[in-house]
Amino acid sequence: MVSSPTADVSVRLAWADDAPALARLQLRAWPERFAGVLPPEALPSGPEAEAAATETWAASLARPADARQRTLVALERNRPVGLAVTTPATDPDCDPVRDGELVELVVAADDRGAGHGSRLLQAAVDTLRADRFARAVHWVDARDDATRAFLVGTGWEADGAHRELEPAGPGTSLKQVRLHTSLVEATA
């Protein structure tokens with residue numbers, strides 16, 4: 001019997017030596033994410049920006065702000081293709097003991113559609129549950145229909161909260177809606 005090969009994919013907690021790859025993933029995702037919000041020249045790029053982002057990731061991984069702050073990395077073979085960050089929710093109407101937040105969910109553009117986002121999201125939800133959160137929230141750009149549809153398709157829904165950020169100061173506007181999901185598993 002001949003079996004077909006399976007993809008070598010996984011999600012794990014990020015390690016300190018993942019910092020350069022996480023920085024590259026995030027910096028490469030920003031032009032798409034902030035298109036139409038920020039002028040391209042306002043986005044960090046180049047070797048200096050990558051070095052600074054790598055340093056920030058390394059510090060965050062070595063000394064997270066909270067013991068329940070986790071960074072997950074999606075891998076295809078040994079190549080990082082996505083990341084997710086979970087932490088206690090910080091919104092004024094959230095309880096940081098009960099409510100967790102999916103702060104970041106990024107999959108490299110060339111690697112979308114291969115299941116990495118689904119694996120990352122499931123691992124993030126499992127991590128939030130393990131940290132004993134009862135609910136998760138995630139802010140989504142109001143114009144990001146694809147991410148919103150992806151999350152809604154997995155059981156997340158809008159909770160009525162919205163905000164407007166100025167990521168590069170006055171004159172730039174990023175409207176976001178907050179989605180949430182219960183982390184309490186139903187019992188039969």
# chains A, B, ... in the order shown; residues from 1 in each chain; ligands from 1

call {"tool": "residues_around", "arguments": {"residues": "Leu25 (chain A)", "least_positions_apart": "6", "cutoff": "9 Å", "atoms": "only C-alpha atoms", "output": "PyMOL selection string"}}
result
chain A and resi 80-83+106-108

call {"tool": "write_last_selection", "arguments": {"atoms": "C-alpha atoms", "output": "compact mmCIF listing (two decimals), in the first residue's frame"}}
result
# COMPACT_ATOMS: atom_id res chain seq x y z
CA PRO A 80 7.89 29.99 10.36
CA VAL A 81 4.85 30.95 8.28
CA GLY A 82 2.62 32.58 10.89
CA LEU A 83 2.34 33.86 14.42
CA VAL A 106 -0.52 36.76 11.09
CA VAL A 107 0.01 34.26 8.29
CA ALA A 108 2.46 35.06 5.50

call {"tool": "residues_around", "arguments": {"residues": "Glu101 (chain A)", "least_positions_apart": "2", "cutoff": "6 Å", "atoms": "only C-alpha atoms", "output": "VMD selection string"}}
result
chain A and resid 86 to 89 103 136 to 138

call {"tool": "residues_around", "arguments": {"residues": "Gly100 (chain A)", "least_positions_apart": "2", "cutoff": "10 Å", "atoms": "only C-alpha atoms", "output": "PyMOL selection string"}}
result
chain A and resi 68-69+86-90+94-98+102-103+125+127-129+131-138+180+183

call {"tool": "closest_atom_pairs", "arguments": {"of": "region 111-147 of chain A", "to": "region 13-17 of chain A", "cutoff": "12 Å", "atoms": "only C-alpha atoms", "output": "tab-separated table"}}
result
residue	atom	partner	partner_atom	distance
A:Leu120	CA	A:Leu13	CA	10.6
A:Ala123	CA	A:Leu13	CA	9.4
A:Ala124	CA	A:Leu13	CA	10.0
A:Thr127	CA	A:Leu13	CA	9.7

call {"tool": "closest_residue", "arguments": {"among": "A:Ala62, A:Leu22, A:Ala67, A:Ala42", "to": "Leu105 (chain A)", "atoms": "only C-alpha atoms"}}
result
A:Leu22

call {"tool": "atom_distance", "arguments": {"atom1": "CA of Asp141 (chain A)", "atom2": "CA of Asp111 (chain A)"}}
result
20.7 Å

call {"tool": "closest_residue", "arguments": {"among": "A:Arg163, A:Arg148, A:Arg178, A:Arg112", "to": "Ala29 (chain A)", "atoms": "only C-alpha atoms"}}
result
A:Arg112

call {"tool": "select_by_dssp", "arguments": {"residues": "chain A", "states": "helix (DSSP H, G or I)", "output": "VMD selection string"}}
result
chain A and resid 16 to 33 40 to 42 46 to 62 109 to 111 116 to 130 145 to 152

call {"tool": "closest_residue", "arguments": {"among": "A:Leu27, A:Leu72, A:Ala114, A:Ala65", "to": "Ala51 (chain A)", "atoms": "only C-alpha atoms"}}
result
A:Leu27

call {"tool": "closest_residue", "arguments": {"among": "A:Ala161, A:Gln26, A:Gly113, A:Ala59", "to": "Leu43 (chain A)", "atoms": "only C-alpha atoms"}}
result
A:Gln26

call {"tool": "closest_residue", "arguments": {"among": "A:Ala53, A:Pro40, A:Ser45, A:Glu104", "to": "Pro20 (chain A)", "atoms": "only C-alpha atoms"}}
result
A:Ala53

call {"tool": "closest_residue", "arguments": {"among": "A:Ala58, A:Ala109, A:Val9, A:Val37", "to": "Glu164 (chain A)", "atoms": "only C-alpha atoms"}}
result
A:Val37

call {"tool": "residues_around", "arguments": {"residues": "Pro167 (chain A)", "least_positions_apart": "3", "cutoff": "9 Å", "atoms": "only C-alpha atoms", "output": "list in words"}}
result
Val37, Leu38, Pro170, Thr172, Ser173 and Leu174 of chain A

call {"tool": "select_by_dssp", "arguments": {"residues": "chain A", "states": "strand (DSSP E)", "output": "PyMOL selection string"}}
result
chain A and resi 9-13+70-76+79-88+99-107+135-141+157-165+174-182

call {"tool": "atom_distance", "arguments": {"atom1": "CA of Val184 (chain A)", "atom2": "CA of Arg63 (chain A)"}}
result
28.7 Å

call {"tool": "residues_around", "arguments": {"residues": "Asn78 (chain A)", "least_positions_apart": "4", "cutoff": "12 Å", "atoms": "only C-alpha atoms", "output": "ChimeraX atom specification"}}
result
/A:7-12,18,21,73-74,82

call {"tool": "atom_distance", "arguments": {"atom1": "CA of Val140 (chain A)", "atom2": "CA of Pro44 (chain A)"}}
result
21.1 Å
